[in-house]
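First up is the structure itself, then whatever we jot down about it.
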Amino acid sequence: MCEYCGCQSLAAIDELTREHDEVVRVISHLRTAHREGDVGRAAHLARRMATVLGPHTRVEEHGLFPALAGDFPDQIAALEAEHRAVEAVLAEAAGGVTPADPSWPDRLMAAMAVLRDHILKEQDGVFPAALATLGPEEWEAVEAVRAAAGGALPKPAA
């Protein structure tokens, strides 16, 4: 994905990109579970997805997006709305529950299509825009949000 602009050289963007990579990996497993009609596995994977997206979304919405909202208010609002839509479908599988609603698996897959497009918007638009427009103080604020939010992925080996 986003390797052409150099934004991954920043720790904040590198971590967000690694989380995107994990989300894409989980989406591929969700597709298999959906194709096989394995709703229990899909629910398990939805919970994994929510675990990764929780801190990821906090970093974006409380660190990165506020710094960009002045220049790109409509785009940031649309991305936040997509976060809410995906979160709502994932939340139906929270707490170890396998959703009984027979429409849930298809709604989950529709949400994953939204999420996949969302990731492309961030990696091809938001991250390069952030690299071009944010200053050191704004990046420090993003890093502070990351420190508070934590992350679901292990740190990469040095």
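Here, A, B, ... name the chains of the structure tokens in the order displayed, residue numbers run from 1 inside each chain, and ligands are numbered from 1 in the same displayed order.
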Handout entry: Residue neighbourhood Pro105 in chain A, 8 Å, only C-alpha atoms, exclusion window fewer than 2 positions, as a ChimeraX atom specification
Key = /A:34,39,42,102-103,107-109
Problem - Test item: residues at most 10 Å from Thr57 in chain A, only C-alpha atoms, excluding those fewer than 3 positions along its chain, as a VMD selection string - result: chain A and resid 16 50 52 to 54 60 to 65 80 83 to 84 87 149
Handout entry: Residue among A:Gly37, A:Pro99, A:Pro128, A:Gly151 lying closest to Arg18 in chain A, counting only C-alpha atoms
Key =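 Looking only at the distances to Arg18 in chain A, the closest residue turns out to be A:Gly151.
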Problem - In range 7-132 of chain A, DSSP alpha helix (DSSP H) residues written as a ChimeraX atom specification - result: /A:11-35,39-59,65-69,73-91,104-121,127-132
Serialized selection, C-alpha atoms, as a compact mmCIF listing (two decimals), in the first residue's frame:
# COMPACT_ATOMS: atom_id res chain seq x y z
CA ALA A 11 6.39 5.89 13.60
CA ALA A 12 2.75 7.01 13.90
CA ILE A 13 1.98 6.26 10.25
CA ASP A 14 3.99 3.05 10.28
CA GLU A 15 1.95 1.76 13.22
CA LEU A 16 -1.35 2.76 11.59
CA THR A 17 -0.23 1.04 8.38
CA ARG A 18 0.73 -2.14 10.24
CA GLU A 19 -2.74 -2.14 11.77
CA HIS A 20 -4.27 -1.69 8.34
CA ASP A 21 -2.24 -4.68 7.14
CA GLU A 22 -3.62 -6.78 10.00
CA VAL A 23 -7.16 -5.63 9.23
CA VAL A 24 -6.75 -6.64 5.58
CA ARG A 25 -5.42 -10.03 6.72
CA VAL A 26 -8.45 -10.54 8.97
CA ILE A 27 -10.79 -9.47 6.16
CA SER A 28 -9.38 -12.28 4.01
CA HIS A 29 -10.16 -14.79 6.78
CA LEU A 30 -13.63 -13.28 7.18
CA ARG A 31 -14.28 -13.83 3.50
CA THR A 32 -13.41 -17.50 3.91
CA ALA A 33 -15.60 -17.88 7.00
CA HIS A 34 -18.48 -16.16 5.20
CA ARG A 35 -18.10 -18.34 2.12
CA VAL A 39 -20.85 -17.54 11.55
CA GLY A 40 -19.07 -18.47 14.78
CA ARG A 41 -15.67 -18.04 13.14
CA ALA A 42 -16.82 -14.79 11.56
CA ALA A 43 -17.88 -13.51 14.98
CA HIS A 44 -14.49 -14.48 16.43
CA LEU A 45 -12.74 -12.65 13.60
CA ALA A 46 -15.01 -9.62 14.06
CA ARG A 47 -13.86 -9.45 17.68
CA ARG A 48 -10.22 -9.67 16.54
CA MET A 49 -10.92 -6.85 14.10
CA ALA A 50 -12.48 -4.72 16.84
CA THR A 51 -9.45 -5.31 19.07
CA VAL A 52 -7.14 -3.94 16.38
CA LEU A 53 -9.43 -1.11 15.34
CA GLY A 54 -10.13 0.19 18.86
CA PRO A 55 -6.78 1.86 19.53
CA HIS A 56 -6.26 2.49 15.81
CA THR A 57 -9.45 4.54 15.58
CA ARG A 58 -8.60 6.47 18.75
CA VAL A 59 -5.24 7.50 17.26
CA PHE A 65 -7.89 13.66 12.13
CA PRO A 66 -8.15 16.79 14.31
CA ALA A 67 -4.87 18.01 12.85
CA LEU A 68 -6.27 17.60 9.33
CA ALA A 69 -9.91 18.58 9.87
CA PRO A 73 -13.42 18.84 7.02
CA ASP A 74 -15.72 16.93 4.67
CA GLN A 75 -13.25 14.12 4.09
CA ILE A 76 -12.54 13.71 7.81
CA ALA A 77 -16.27 13.71 8.63
CA ALA A 78 -16.85 11.00 6.01
CA LEU A 79 -14.02 8.86 7.41
CA GLU A 80 -15.40 9.20 10.94
CA ALA A 81 -18.87 8.18 9.70
CA GLU A 82 -17.31 5.09 8.11
CA HIS A 83 -15.66 4.27 11.45
CA ARG A 84 -19.08 4.40 13.16
CA ALA A 85 -20.71 2.20 10.51
CA VAL A 86 -18.03 -0.49 10.76
CA GLU A 87 -17.93 -0.34 14.56
CA ALA A 88 -21.70 -0.84 14.76
CA VAL A 89 -21.57 -4.10 12.81
CA LEU A 90 -18.51 -5.38 14.69
CA ALA A 91 -20.14 -4.53 18.03
CA TRP A 104 -25.44 -10.16 10.16
CA PRO A 105 -22.92 -12.13 8.06
CA ASP A 106 -23.88 -10.23 4.91
CA ARG A 107 -23.92 -6.91 6.76
CA LEU A 108 -20.49 -7.78 8.16
CA MET A 109 -19.14 -8.40 4.68
CA ALA A 110 -20.66 -5.14 3.43
CA ALA A 111 -18.96 -3.35 6.33
CA MET A 112 -15.67 -5.03 5.41
CA ALA A 113 -16.00 -3.69 1.85
CA VAL A 114 -16.50 -0.21 3.31
CA LEU A 115 -13.49 -0.77 5.57
CA ARG A 116 -11.29 -1.93 2.71
CA ASP A 117 -12.12 1.21 0.70
CA HIS A 118 -11.67 3.29 3.85
CA ILE A 119 -8.15 1.94 4.32
CA LEU A 120 -7.26 2.90 0.75
CA LYS A 121 -8.55 6.44 1.34
CA PHE A 127 -1.38 9.67 5.36
CA PRO A 128 0.38 11.51 2.50
CA ALA A 129 -1.62 14.66 3.31
CA ALA A 130 -0.57 14.39 6.95
CA LEU A 131 3.05 13.98 5.92
CA ALA A 132 2.82 17.11 3.79
Fill in the blank from the handout: From CA of Pro136 in chain A to CA of Leu153 in chain A the spacing works out at 25.2 Å
